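Here is the file run.txt (compact mmCIF, N, CA and C atoms and all ligand atoms).
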```txt
# COMPACT_ATOMS: atom_id res chain seq x y z
N MET A 282 -13.88 65.80 251.35
CA MET A 282 -15.16 66.30 251.86
C MET A 282 -15.34 65.88 253.32
N LEU A 283 -15.05 64.60 253.57
CA LEU A 283 -15.19 64.11 254.94
C LEU A 283 -14.23 64.85 255.86
N THR A 284 -13.02 65.08 255.35
CA THR A 284 -12.02 65.79 256.15
C THR A 284 -12.55 67.17 256.53
N THR A 285 -13.16 67.84 255.56
CA THR A 285 -13.70 69.18 255.83
C THR A 285 -14.71 69.09 256.97
N ALA A 286 -15.58 68.11 256.89
CA ALA A 286 -16.62 67.96 257.91
C ALA A 286 -15.97 67.73 259.27
N LEU A 287 -14.93 66.93 259.30
CA LEU A 287 -14.27 66.62 260.57
C LEU A 287 -13.62 67.86 261.14
N ILE A 288 -12.94 68.64 260.27
CA ILE A 288 -12.28 69.84 260.75
C ILE A 288 -13.32 70.79 261.34
N VAL A 289 -14.45 70.91 260.66
CA VAL A 289 -15.49 71.80 261.15
C VAL A 289 -16.01 71.31 262.50
N LEU A 290 -16.08 70.00 262.65
CA LEU A 290 -16.55 69.44 263.92
C LEU A 290 -15.59 69.77 265.05
N VAL A 291 -14.30 69.70 264.73
CA VAL A 291 -13.29 69.94 265.76
C VAL A 291 -13.28 71.41 266.14
N ALA A 292 -13.27 72.29 265.12
CA ALA A 292 -13.39 73.72 265.41
C ALA A 292 -14.81 73.97 265.92
N ALA A 293 -15.01 75.14 266.54
CA ALA A 293 -16.33 75.47 267.01
C ALA A 293 -17.29 75.45 265.82
N ALA A 294 -18.37 74.75 265.94
CA ALA A 294 -19.33 74.68 264.84
C ALA A 294 -20.13 75.98 264.81
N PRO A 295 -20.15 76.64 263.65
CA PRO A 295 -20.92 77.88 263.58
C PRO A 295 -22.40 77.61 263.80
N PRO A 296 -23.06 78.41 264.61
CA PRO A 296 -24.50 78.25 264.75
C PRO A 296 -25.16 78.68 263.44
N ALA A 297 -26.34 78.19 263.17
CA ALA A 297 -27.04 78.57 261.95
C ALA A 297 -27.32 80.06 261.97
N LYS A 298 -27.18 80.67 260.80
CA LYS A 298 -27.44 82.10 260.69
C LYS A 298 -28.94 82.34 260.89
N SER A 299 -29.27 83.31 261.71
CA SER A 299 -30.69 83.61 261.92
C SER A 299 -30.83 85.12 262.11
N GLN A 300 -32.04 85.59 262.00
CA GLN A 300 -32.27 87.02 262.19
C GLN A 300 -31.88 87.43 263.61
N ALA A 301 -32.19 86.57 264.57
CA ALA A 301 -31.88 86.89 265.97
C ALA A 301 -30.37 87.06 266.15
N LEU A 302 -29.62 86.17 265.50
CA LEU A 302 -28.16 86.21 265.61
C LEU A 302 -27.63 87.49 264.94
N LEU A 303 -28.20 87.83 263.79
CA LEU A 303 -27.78 89.05 263.09
C LEU A 303 -28.05 90.28 263.95
N ASP A 304 -29.22 90.30 264.60
CA ASP A 304 -29.57 91.44 265.45
C ASP A 304 -28.57 91.57 266.59
N LYS A 305 -28.25 90.43 267.16
CA LYS A 305 -27.28 90.41 268.26
C LYS A 305 -25.91 90.89 267.77
N GLY A 306 -25.54 90.44 266.58
CA GLY A 306 -24.25 90.84 266.02
C GLY A 306 -24.20 92.33 265.78
N LYS A 307 -25.28 92.86 265.24
CA LYS A 307 -25.32 94.29 264.96
C LYS A 307 -25.19 95.09 266.26
N GLN A 308 -25.93 94.65 267.26
CA GLN A 308 -25.91 95.33 268.54
C GLN A 308 -24.49 95.34 269.12
N SER A 309 -23.86 94.18 269.08
CA SER A 309 -22.52 94.05 269.62
C SER A 309 -21.53 94.90 268.81
N PHE A 310 -21.71 94.91 267.49
CA PHE A 310 -20.84 95.68 266.61
C PHE A 310 -20.92 97.17 266.95
N MET A 311 -22.15 97.64 267.20
CA MET A 311 -22.35 99.05 267.52
C MET A 311 -21.68 99.41 268.84
N THR A 312 -21.53 98.43 269.72
CA THR A 312 -20.88 98.68 271.01
C THR A 312 -19.37 98.52 270.92
N ASN A 313 -18.93 97.43 270.31
CA ASN A 313 -17.52 97.04 270.41
C ASN A 313 -16.64 97.44 269.23
N CYS A 314 -17.22 97.67 268.07
CA CYS A 314 -16.41 97.75 266.87
C CYS A 314 -16.55 99.06 266.12
N VAL A 315 -17.68 99.75 266.34
CA VAL A 315 -18.02 100.88 265.50
C VAL A 315 -16.99 102.01 265.60
N ALA A 316 -16.34 102.14 266.74
CA ALA A 316 -15.38 103.23 266.93
C ALA A 316 -14.28 103.18 265.88
N CYS A 317 -13.87 102.01 265.50
CA CYS A 317 -12.82 101.88 264.48
C CYS A 317 -13.40 101.53 263.11
N HIS A 318 -14.33 100.58 263.10
CA HIS A 318 -14.77 100.06 261.81
C HIS A 318 -15.88 100.88 261.16
N GLY A 319 -16.54 101.75 261.94
CA GLY A 319 -17.63 102.55 261.40
C GLY A 319 -18.91 101.75 261.33
N GLU A 320 -20.01 102.46 261.34
CA GLU A 320 -21.33 101.83 261.40
C GLU A 320 -21.55 100.81 260.29
N LYS A 321 -21.06 101.15 259.09
CA LYS A 321 -21.27 100.27 257.94
C LYS A 321 -20.04 99.42 257.63
N GLY A 322 -19.08 99.44 258.54
CA GLY A 322 -17.88 98.64 258.32
C GLY A 322 -16.97 99.21 257.25
N ALA A 323 -17.09 100.51 257.00
CA ALA A 323 -16.28 101.12 255.95
C ALA A 323 -14.88 101.49 256.44
N GLY A 324 -14.61 101.22 257.70
CA GLY A 324 -13.29 101.53 258.24
C GLY A 324 -13.15 103.01 258.54
N ASP A 325 -14.27 103.68 258.76
CA ASP A 325 -14.24 105.13 258.93
C ASP A 325 -14.77 105.56 260.29
N GLY A 326 -14.63 104.70 261.28
CA GLY A 326 -15.04 105.11 262.62
C GLY A 326 -14.13 106.22 263.11
N PRO A 327 -14.60 107.02 264.05
CA PRO A 327 -13.80 108.16 264.54
C PRO A 327 -12.44 107.71 265.07
N GLY A 328 -12.36 106.49 265.58
CA GLY A 328 -11.10 106.01 266.13
C GLY A 328 -10.12 105.55 265.07
N ALA A 329 -10.56 105.47 263.82
CA ALA A 329 -9.72 104.90 262.78
C ALA A 329 -8.72 105.91 262.22
N ILE A 330 -9.03 107.18 262.42
CA ILE A 330 -8.23 108.23 261.78
C ILE A 330 -6.74 108.09 262.08
N ALA A 331 -6.44 107.79 263.35
CA ALA A 331 -5.04 107.75 263.77
C ALA A 331 -4.40 106.37 263.58
N LEU A 332 -5.15 105.42 263.06
CA LEU A 332 -4.63 104.05 263.02
C LEU A 332 -3.78 103.78 261.79
N ASN A 333 -2.78 102.96 261.98
CA ASN A 333 -1.94 102.48 260.88
C ASN A 333 -1.48 101.07 261.22
N PRO A 334 -1.88 100.05 260.50
CA PRO A 334 -2.80 100.11 259.36
C PRO A 334 -4.23 100.41 259.81
N LYS A 335 -4.99 100.97 258.89
CA LYS A 335 -6.40 101.26 259.16
C LYS A 335 -7.24 100.02 258.89
N PRO A 336 -8.40 99.96 259.55
CA PRO A 336 -9.31 98.86 259.22
C PRO A 336 -9.78 99.00 257.77
N ARG A 337 -10.00 97.87 257.09
CA ARG A 337 -10.45 98.04 255.71
C ARG A 337 -11.93 98.35 255.62
N ASN A 338 -12.33 98.62 254.41
CA ASN A 338 -13.74 98.76 254.11
C ASN A 338 -14.26 97.36 253.81
N TYR A 339 -15.05 96.83 254.71
CA TYR A 339 -15.49 95.44 254.54
C TYR A 339 -16.11 95.20 253.16
N ALA A 340 -16.85 96.20 252.69
CA ALA A 340 -17.59 95.98 251.44
C ALA A 340 -16.71 96.06 250.20
N LYS A 341 -15.59 96.78 250.31
CA LYS A 341 -14.81 97.05 249.09
C LYS A 341 -13.45 96.36 249.06
N ASP A 342 -12.82 96.24 250.22
CA ASP A 342 -11.46 95.71 250.24
C ASP A 342 -11.46 94.23 250.58
N PRO A 343 -10.51 93.51 249.97
CA PRO A 343 -10.40 92.09 250.35
C PRO A 343 -9.94 91.97 251.80
N PHE A 344 -10.42 90.96 252.47
CA PHE A 344 -10.04 90.74 253.87
C PHE A 344 -8.65 90.13 253.93
N LYS A 345 -7.76 90.79 254.65
CA LYS A 345 -6.40 90.26 254.78
C LYS A 345 -6.37 88.97 255.58
N GLN A 346 -7.27 88.84 256.53
CA GLN A 346 -7.23 87.67 257.42
C GLN A 346 -8.18 86.57 256.95
N GLY A 347 -8.73 86.75 255.77
CA GLY A 347 -9.66 85.74 255.26
C GLY A 347 -11.09 86.13 255.56
N ASP A 348 -12.01 85.78 254.67
CA ASP A 348 -13.39 86.21 254.87
C ASP A 348 -14.36 85.04 254.99
N LYS A 349 -13.84 83.86 255.25
CA LYS A 349 -14.74 82.75 255.56
C LYS A 349 -15.21 82.94 257.01
N PRO A 350 -16.41 82.48 257.34
CA PRO A 350 -16.87 82.65 258.72
C PRO A 350 -15.82 82.21 259.75
N GLU A 351 -15.18 81.09 259.49
CA GLU A 351 -14.18 80.58 260.46
C GLU A 351 -12.99 81.54 260.57
N ASP A 352 -12.61 82.17 259.42
CA ASP A 352 -11.48 83.10 259.44
C ASP A 352 -11.80 84.30 260.32
N ILE A 353 -13.01 84.82 260.15
CA ILE A 353 -13.39 86.01 260.90
C ILE A 353 -13.52 85.67 262.38
N PHE A 354 -14.05 84.48 262.64
CA PHE A 354 -14.15 84.02 264.02
C PHE A 354 -12.76 84.02 264.66
N LYS A 355 -11.80 83.52 263.89
CA LYS A 355 -10.43 83.44 264.41
C LYS A 355 -9.86 84.84 264.63
N THR A 356 -10.13 85.75 263.69
CA THR A 356 -9.67 87.13 263.85
C THR A 356 -10.19 87.71 265.17
N LEU A 357 -11.44 87.41 265.48
CA LEU A 357 -12.03 87.93 266.71
C LEU A 357 -11.41 87.25 267.93
N GLN A 358 -11.07 86.00 267.75
CA GLN A 358 -10.48 85.21 268.85
C GLN A 358 -9.10 85.73 269.20
N THR A 359 -8.29 85.99 268.17
CA THR A 359 -6.89 86.27 268.42
C THR A 359 -6.50 87.73 268.18
N GLY A 360 -7.37 88.47 267.50
CA GLY A 360 -6.99 89.82 267.10
C GLY A 360 -5.98 89.74 265.96
N VAL A 361 -5.49 90.88 265.50
CA VAL A 361 -4.46 90.89 264.47
C VAL A 361 -3.21 91.50 265.09
N PRO A 362 -2.15 90.69 265.24
CA PRO A 362 -0.94 91.16 265.92
C PRO A 362 -0.40 92.45 265.29
N ASN A 363 0.12 93.33 266.10
CA ASN A 363 0.75 94.58 265.67
C ASN A 363 -0.21 95.54 264.96
N THR A 364 -1.50 95.38 265.22
CA THR A 364 -2.46 96.36 264.72
C THR A 364 -3.39 96.72 265.88
N ALA A 365 -4.28 97.66 265.63
CA ALA A 365 -5.22 98.08 266.67
C ALA A 365 -6.33 97.05 266.86
N MET A 366 -6.35 96.05 265.99
CA MET A 366 -7.39 95.04 266.08
C MET A 366 -7.07 94.10 267.23
N VAL A 367 -7.72 94.34 268.35
CA VAL A 367 -7.44 93.55 269.55
C VAL A 367 -8.27 92.26 269.52
N ALA A 368 -7.95 91.35 270.40
CA ALA A 368 -8.71 90.11 270.48
C ALA A 368 -10.02 90.35 271.23
N PHE A 369 -11.05 89.63 270.80
CA PHE A 369 -12.33 89.71 271.49
C PHE A 369 -12.71 88.36 272.07
N GLY A 370 -11.67 87.65 272.52
CA GLY A 370 -11.88 86.32 273.09
C GLY A 370 -12.72 86.34 274.36
N HIS A 371 -12.87 87.51 274.96
CA HIS A 371 -13.67 87.59 276.19
C HIS A 371 -15.16 87.57 275.90
N LEU A 372 -15.53 87.81 274.65
CA LEU A 372 -16.95 87.73 274.30
C LEU A 372 -17.34 86.26 274.19
N SER A 373 -18.59 85.97 274.45
CA SER A 373 -19.03 84.58 274.36
C SER A 373 -18.91 84.10 272.91
N GLU A 374 -18.79 82.80 272.75
CA GLU A 374 -18.69 82.26 271.40
C GLU A 374 -19.90 82.68 270.56
N GLU A 375 -21.05 82.63 271.18
CA GLU A 375 -22.27 82.98 270.44
C GLU A 375 -22.20 84.42 269.94
N GLU A 376 -21.71 85.30 270.82
CA GLU A 376 -21.64 86.70 270.43
C GLU A 376 -20.63 86.88 269.30
N ARG A 377 -19.53 86.11 269.35
CA ARG A 377 -18.55 86.24 268.28
C ARG A 377 -19.11 85.73 266.95
N TRP A 378 -19.84 84.64 266.99
CA TRP A 378 -20.46 84.17 265.74
C TRP A 378 -21.46 85.20 265.23
N ALA A 379 -22.19 85.81 266.16
CA ALA A 379 -23.15 86.85 265.76
C ALA A 379 -22.41 87.97 265.04
N LEU A 380 -21.24 88.34 265.58
CA LEU A 380 -20.43 89.39 264.96
C LEU A 380 -19.92 88.95 263.59
N VAL A 381 -19.52 87.68 263.49
CA VAL A 381 -19.05 87.15 262.21
C VAL A 381 -20.14 87.35 261.15
N TYR A 382 -21.35 86.98 261.49
CA TYR A 382 -22.43 87.09 260.51
C TYR A 382 -22.74 88.55 260.20
N TRP A 383 -22.61 89.40 261.21
CA TRP A 383 -22.89 90.82 260.95
C TRP A 383 -21.81 91.42 260.04
N VAL A 384 -20.56 91.05 260.29
CA VAL A 384 -19.47 91.53 259.44
C VAL A 384 -19.72 91.07 257.99
N LEU A 385 -20.13 89.81 257.83
CA LEU A 385 -20.38 89.31 256.48
C LEU A 385 -21.58 90.02 255.85
N GLU A 386 -22.54 90.39 256.69
CA GLU A 386 -23.70 91.13 256.21
C GLU A 386 -23.25 92.49 255.67
N LEU A 387 -22.37 93.14 256.42
CA LEU A 387 -21.85 94.43 255.98
C LEU A 387 -21.00 94.27 254.72
N LYS A 388 -20.33 93.15 254.64
CA LYS A 388 -19.48 92.87 253.48
C LYS A 388 -20.35 92.73 252.23
N GLY A 389 -21.52 92.15 252.41
CA GLY A 389 -22.43 91.98 251.28
C GLY A 389 -21.95 90.88 250.35
N GLY A 390 -22.52 90.84 249.17
CA GLY A 390 -22.12 89.81 248.22
C GLY A 390 -22.73 88.47 248.61
N PRO A 391 -22.35 87.44 247.88
CA PRO A 391 -22.92 86.13 248.14
C PRO A 391 -22.56 85.69 249.56
N SER A 392 -23.55 85.29 250.30
CA SER A 392 -23.32 84.92 251.68
C SER A 392 -22.59 83.59 251.77
N PRO A 393 -21.38 83.59 252.32
CA PRO A 393 -20.69 82.31 252.48
C PRO A 393 -21.24 81.59 253.70
N ALA A 394 -22.53 81.30 253.69
CA ALA A 394 -23.14 80.56 254.79
C ALA A 394 -22.34 79.29 255.00
N PRO A 395 -22.21 78.87 256.22
CA PRO A 395 -21.30 77.76 256.50
C PRO A 395 -21.81 76.44 255.93
N ALA A 396 -21.73 76.34 254.61
CA ALA A 396 -22.20 75.13 253.94
C ALA A 396 -21.41 73.92 254.42
N ALA A 397 -20.12 74.15 254.69
CA ALA A 397 -19.26 73.05 255.12
C ALA A 397 -19.73 72.48 256.44
N ALA A 398 -20.49 73.29 257.19
CA ALA A 398 -20.92 72.83 258.50
C ALA A 398 -22.23 72.04 258.42
N ALA A 399 -22.81 71.99 257.25
CA ALA A 399 -24.11 71.34 257.12
C ALA A 399 -24.15 69.93 257.69
N PRO A 400 -23.12 69.13 257.42
CA PRO A 400 -23.18 67.76 257.94
C PRO A 400 -23.33 67.71 259.45
N VAL A 401 -22.85 68.74 260.13
CA VAL A 401 -22.93 68.77 261.59
C VAL A 401 -24.39 68.79 262.04
N ASP A 402 -25.21 69.53 261.31
CA ASP A 402 -26.62 69.63 261.71
C ASP A 402 -27.47 68.51 261.14
N ALA A 403 -26.86 67.68 260.30
CA ALA A 403 -27.66 66.72 259.54
C ALA A 403 -28.61 65.94 260.43
N GLY A 404 -28.17 65.58 261.62
CA GLY A 404 -29.01 64.76 262.47
C GLY A 404 -30.10 65.53 263.17
N THR A 405 -29.90 66.84 263.34
CA THR A 405 -30.82 67.59 264.19
C THR A 405 -31.92 68.28 263.39
N LYS A 406 -31.69 68.41 262.09
CA LYS A 406 -32.69 69.14 261.30
C LYS A 406 -33.62 68.19 260.57
N ALA A 407 -34.84 68.58 260.44
CA ALA A 407 -35.76 67.77 259.64
C ALA A 407 -35.27 67.79 258.20
N PRO A 408 -35.31 66.67 257.53
CA PRO A 408 -34.85 66.65 256.15
C PRO A 408 -35.70 67.59 255.30
N GLU A 409 -35.02 68.30 254.40
CA GLU A 409 -35.77 69.23 253.57
C GLU A 409 -36.65 68.49 252.59
N LYS A 410 -37.84 69.02 252.41
CA LYS A 410 -38.74 68.38 251.45
C LYS A 410 -38.26 68.66 250.04
N PRO A 411 -38.28 67.66 249.20
CA PRO A 411 -37.90 67.92 247.81
C PRO A 411 -38.89 68.90 247.18
N ALA A 412 -38.37 69.82 246.38
CA ALA A 412 -39.24 70.81 245.76
C ALA A 412 -40.28 70.12 244.89
N LYS A 413 -41.50 70.58 245.03
CA LYS A 413 -42.58 69.97 244.23
C LYS A 413 -42.49 70.42 242.78
N LYS A 414 -42.76 69.49 241.93
CA LYS A 414 -42.77 69.85 240.50
C LYS A 414 -44.13 70.44 240.16
N LYS A 415 -44.08 71.47 239.32
CA LYS A 415 -45.36 72.10 238.98
C LYS A 415 -45.91 71.47 237.71
C1 LIG A 501 -9.33 99.93 268.21
C2 LIG A 501 -9.85 99.79 266.85
C3 LIG A 501 -10.60 98.52 266.48
C4 LIG A 501 -11.67 97.95 267.14
C5 LIG A 501 -12.37 98.43 268.39
C6 LIG A 501 -12.04 96.79 266.37
N1 LIG A 501 -11.22 96.65 265.29
FE1 LIG A 501 -11.31 95.19 263.87
N2 LIG A 501 -9.65 95.91 263.01
C7 LIG A 501 -9.00 97.08 263.35
C8 LIG A 501 -7.87 97.29 262.46
C9 LIG A 501 -6.91 98.45 262.50
C10 LIG A 501 -7.88 96.20 261.57
C11 LIG A 501 -6.92 95.97 260.41
C12 LIG A 501 -5.79 95.09 260.80
C13 LIG A 501 -4.98 94.74 259.59
O1 LIG A 501 -4.55 95.63 258.87
O2 LIG A 501 -4.80 93.55 259.35
C14 LIG A 501 -9.00 95.35 261.94
C15 LIG A 501 -9.33 94.19 261.30
C16 LIG A 501 -10.50 93.48 261.52
C17 LIG A 501 -10.90 92.33 260.76
C18 LIG A 501 -10.10 91.65 259.69
C19 LIG A 501 -10.31 92.28 258.37
C20 LIG A 501 -9.37 91.67 257.39
O3 LIG A 501 -8.81 92.41 256.61
O4 LIG A 501 -9.19 90.44 257.38
C21 LIG A 501 -12.12 91.94 261.23
C22 LIG A 501 -12.98 90.80 260.73
C23 LIG A 501 -12.46 92.85 262.28
N3 LIG A 501 -11.46 93.76 262.45
C24 LIG A 501 -13.62 92.81 263.01
C25 LIG A 501 -13.84 93.55 264.17
C26 LIG A 501 -14.99 93.36 265.01
C27 LIG A 501 -16.14 92.41 264.74
C28 LIG A 501 -14.83 94.22 266.07
C29 LIG A 501 -15.73 94.39 267.27
C30 LIG A 501 -15.97 93.19 268.06
C31 LIG A 501 -13.59 94.96 265.84
N4 LIG A 501 -13.02 94.52 264.68
C32 LIG A 501 -13.09 95.96 266.67
C33 LIG A 501 -9.33 97.92 264.39
C34 LIG A 501 -10.32 97.69 265.33
```

How does the structure come out when it is put into structure tokens?
Ligand code: HEC
Amino acid sequence: MLTTALIVLVAAAPPAKSQALLDKGKQSFMTNCVACHGEKGAGDGPGAIALNPKPRNYAKDPFKQGDKPEDIFKTLQTGVPNTAMVAFGHLSEEERWALVYWVLELKGGPSPAPAAAAPVDAGTKAPEKPAKKK
């Protein structure tokens, strides 16, 4: 567990998911990604027709490069070699995290919120109040 926390500390710590970040991610997705991935991430953007391999349907197909926030961040950082998926390392880290969360939003299902990163924020967040018993 401690090792996980340390690894997360060394890698870029994901910012907390927020509506503002999701909005930013969506906006960036509509500019940078929609041509191939399609508005809903179904892999049906107009640019995808000629691609081989084609982008997957985020909601239906398993992610080849991993679907943890850190995996997607890395995909954006490095791109996927020998595919049309180019690197987006020129985007700011914040924008890439925003995209990560938007991709996961399109993916749907249980949100793999960066629970592993929780210890990183432990000092900065007010401790959660224990739920009151009724
Ligand atoms: C020029 C077309 C193109 C653009 C633009 C593009 N992608 Fe991709 N993307 C692809 C292709 C093709 C793949 C599939 C690569 C493969 O088969 O592994 C892919 C794969 C991915 C994956 C990995 C999915 C998996 O299976 O693990 C993620 C995440 C992703 N793209 C996100 C994005 C985001 C976010 C953007 C915008 C910032 C973007 N892509 C822009 C073509 C594109």

Looking only at the backbone, which of the residues in stretch 297-390 of chain A does DSSP tag as helix (DSSP H, G or I), as a short mmCIF file (atom, residue, chain, number, x, y, z; two decimals) with N, CA and C atoms, keeping the file's coordinate frame?
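Generated file (out-v1.cif):
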```
data_model
loop_
_atom_site.label_atom_id
_atom_site.label_comp_id
_atom_site.auth_asym_id
_atom_site.auth_seq_id
_atom_site.Cartn_x
_atom_site.Cartn_y
_atom_site.Cartn_z
N GLN A 300 -32.04 85.59 262.00
CA GLN A 300 -32.27 87.02 262.19
C GLN A 300 -31.88 87.43 263.61
N ALA A 301 -32.19 86.57 264.57
CA ALA A 301 -31.88 86.89 265.97
C ALA A 301 -30.37 87.06 266.15
N LEU A 302 -29.62 86.17 265.50
CA LEU A 302 -28.16 86.21 265.61
C LEU A 302 -27.63 87.49 264.94
N LEU A 303 -28.20 87.83 263.79
CA LEU A 303 -27.78 89.05 263.09
C LEU A 303 -28.05 90.28 263.95
N ASP A 304 -29.22 90.30 264.60
CA ASP A 304 -29.57 91.44 265.45
C ASP A 304 -28.57 91.57 266.59
N LYS A 305 -28.25 90.43 267.16
CA LYS A 305 -27.28 90.41 268.26
C LYS A 305 -25.91 90.89 267.77
N GLY A 306 -25.54 90.44 266.58
CA GLY A 306 -24.25 90.84 266.02
C GLY A 306 -24.20 92.33 265.78
N LYS A 307 -25.28 92.86 265.24
CA LYS A 307 -25.32 94.29 264.96
C LYS A 307 -25.19 95.09 266.26
N GLN A 308 -25.93 94.65 267.26
CA GLN A 308 -25.91 95.33 268.54
C GLN A 308 -24.49 95.34 269.12
N SER A 309 -23.86 94.18 269.08
CA SER A 309 -22.52 94.05 269.62
C SER A 309 -21.53 94.90 268.81
N PHE A 310 -21.71 94.91 267.49
CA PHE A 310 -20.84 95.68 266.61
C PHE A 310 -20.92 97.17 266.95
N MET A 311 -22.15 97.64 267.20
CA MET A 311 -22.35 99.05 267.52
C MET A 311 -21.68 99.41 268.84
N THR A 312 -21.53 98.43 269.72
CA THR A 312 -20.88 98.68 271.01
C THR A 312 -19.37 98.52 270.92
N ASN A 313 -18.93 97.43 270.31
CA ASN A 313 -17.52 97.04 270.41
C ASN A 313 -16.64 97.44 269.23
N VAL A 315 -17.68 99.75 266.34
CA VAL A 315 -18.02 100.88 265.50
C VAL A 315 -16.99 102.01 265.60
N ALA A 316 -16.34 102.14 266.74
CA ALA A 316 -15.38 103.23 266.93
C ALA A 316 -14.28 103.18 265.88
N CYS A 317 -13.87 102.01 265.50
CA CYS A 317 -12.82 101.88 264.48
C CYS A 317 -13.40 101.53 263.11
N HIS A 318 -14.33 100.58 263.10
CA HIS A 318 -14.77 100.06 261.81
C HIS A 318 -15.88 100.88 261.16
N PRO A 327 -14.60 107.02 264.05
CA PRO A 327 -13.80 108.16 264.54
C PRO A 327 -12.44 107.71 265.07
N GLY A 328 -12.36 106.49 265.58
CA GLY A 328 -11.10 106.01 266.13
C GLY A 328 -10.12 105.55 265.07
N ALA A 329 -10.56 105.47 263.82
CA ALA A 329 -9.72 104.90 262.78
C ALA A 329 -8.72 105.91 262.22
N PRO A 350 -16.41 82.48 257.34
CA PRO A 350 -16.87 82.65 258.72
C PRO A 350 -15.82 82.21 259.75
N GLU A 351 -15.18 81.09 259.49
CA GLU A 351 -14.18 80.58 260.46
C GLU A 351 -12.99 81.54 260.57
N ASP A 352 -12.61 82.17 259.42
CA ASP A 352 -11.48 83.10 259.44
C ASP A 352 -11.80 84.30 260.32
N ILE A 353 -13.01 84.82 260.15
CA ILE A 353 -13.39 86.01 260.90
C ILE A 353 -13.52 85.67 262.38
N PHE A 354 -14.05 84.48 262.64
CA PHE A 354 -14.15 84.02 264.02
C PHE A 354 -12.76 84.02 264.66
N LYS A 355 -11.80 83.52 263.89
CA LYS A 355 -10.43 83.44 264.41
C LYS A 355 -9.86 84.84 264.63
N THR A 356 -10.13 85.75 263.69
CA THR A 356 -9.67 87.13 263.85
C THR A 356 -10.19 87.71 265.17
N LEU A 357 -11.44 87.41 265.48
CA LEU A 357 -12.03 87.93 266.71
C LEU A 357 -11.41 87.25 267.93
N GLN A 358 -11.07 86.00 267.75
CA GLN A 358 -10.48 85.21 268.85
C GLN A 358 -9.10 85.73 269.20
N THR A 359 -8.29 85.99 268.17
CA THR A 359 -6.89 86.27 268.42
C THR A 359 -6.50 87.73 268.18
N GLU A 374 -18.79 82.80 272.75
CA GLU A 374 -18.69 82.26 271.40
C GLU A 374 -19.90 82.68 270.56
N GLU A 375 -21.05 82.63 271.18
CA GLU A 375 -22.27 82.98 270.44
C GLU A 375 -22.20 84.42 269.94
N GLU A 376 -21.71 85.30 270.82
CA GLU A 376 -21.64 86.70 270.43
C GLU A 376 -20.63 86.88 269.30
N ARG A 377 -19.53 86.11 269.35
CA ARG A 377 -18.55 86.24 268.28
C ARG A 377 -19.11 85.73 266.95
N TRP A 378 -19.84 84.64 266.99
CA TRP A 378 -20.46 84.17 265.74
C TRP A 378 -21.46 85.20 265.23
N ALA A 379 -22.19 85.81 266.16
CA ALA A 379 -23.15 86.85 265.76
C ALA A 379 -22.41 87.97 265.04
N LEU A 380 -21.24 88.34 265.58
CA LEU A 380 -20.43 89.39 264.96
C LEU A 380 -19.92 88.95 263.59
N VAL A 381 -19.52 87.68 263.49
CA VAL A 381 -19.05 87.15 262.21
C VAL A 381 -20.14 87.35 261.15
N TYR A 382 -21.35 86.98 261.49
CA TYR A 382 -22.43 87.09 260.51
C TYR A 382 -22.74 88.55 260.20
N TRP A 383 -22.61 89.40 261.21
CA TRP A 383 -22.89 90.82 260.95
C TRP A 383 -21.81 91.42 260.04
N VAL A 384 -20.56 91.05 260.29
CA VAL A 384 -19.47 91.53 259.44
C VAL A 384 -19.72 91.07 257.99
N LEU A 385 -20.13 89.81 257.83
CA LEU A 385 -20.38 89.31 256.48
C LEU A 385 -21.58 90.02 255.85
N GLU A 386 -22.54 90.39 256.69
CA GLU A 386 -23.70 91.13 256.21
C GLU A 386 -23.25 92.49 255.67
N LEU A 387 -22.37 93.14 256.42
CA LEU A 387 -21.85 94.43 255.98
C LEU A 387 -21.00 94.27 254.72
N LYS A 388 -20.33 93.15 254.64
CA LYS A 388 -19.48 92.87 253.48
C LYS A 388 -20.35 92.73 252.23
#
```

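Inspection of the environment of ligand LIG 501 (chain A), which uses only C-alpha atoms and all ligand atoms and a cut-off of 6 Å, identifies the neighbouring residues as Phe310, Asn313, Cys314, Ala316, Cys317, Pro334, Lys335, Pro336, Arg337, Phe344, Lys345, Gln346, Gly347, Ile353, Thr356, Val361, Thr364, Ala365, Met366 and Leu380 of chain A.
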
Contacts of A:Phe369 at 7 Å or less, counting all atoms listed in the file, minus same-chain residues fewer than 6 places along, as a list of chain:residue names? A:Thr356, A:Leu357, A:Gln358, A:Thr359, A:Gly360

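Relative to atom CA of A:Ala294, atom C of A:Val315 is found at 27.4 Å.
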
What separates atom CA of A:Gly389 and atom C of A:Met311 is a distance of 19.1 Å

Expressed in Å to a single decimal, how great is the separation between atom CA of A:Phe354 and atom N of A:Leu387? 14.4 Å

Between A:Leu302, A:Val384, A:Ala297, A:Leu372, which has the minimum distance to A:Ala340 (counting only C-alpha atoms)?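 For A:Ala340, the nearest of the given residues is A:Val384.
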
Find the residue from A:Gly370, A:Asp348, A:Leu303, A:Asn363 that sits nearest to A:Leu332; use only C-alpha atoms when measuring. A:Asn363

Given the point (-16.0, 95.6, 256.7) in the file's coordinates, find the residues that have an atom at most 5 Å from it, counting only N, CA and C atoms, and give them as an MDAnalysis selection string. chainID A and resid 322 338:340
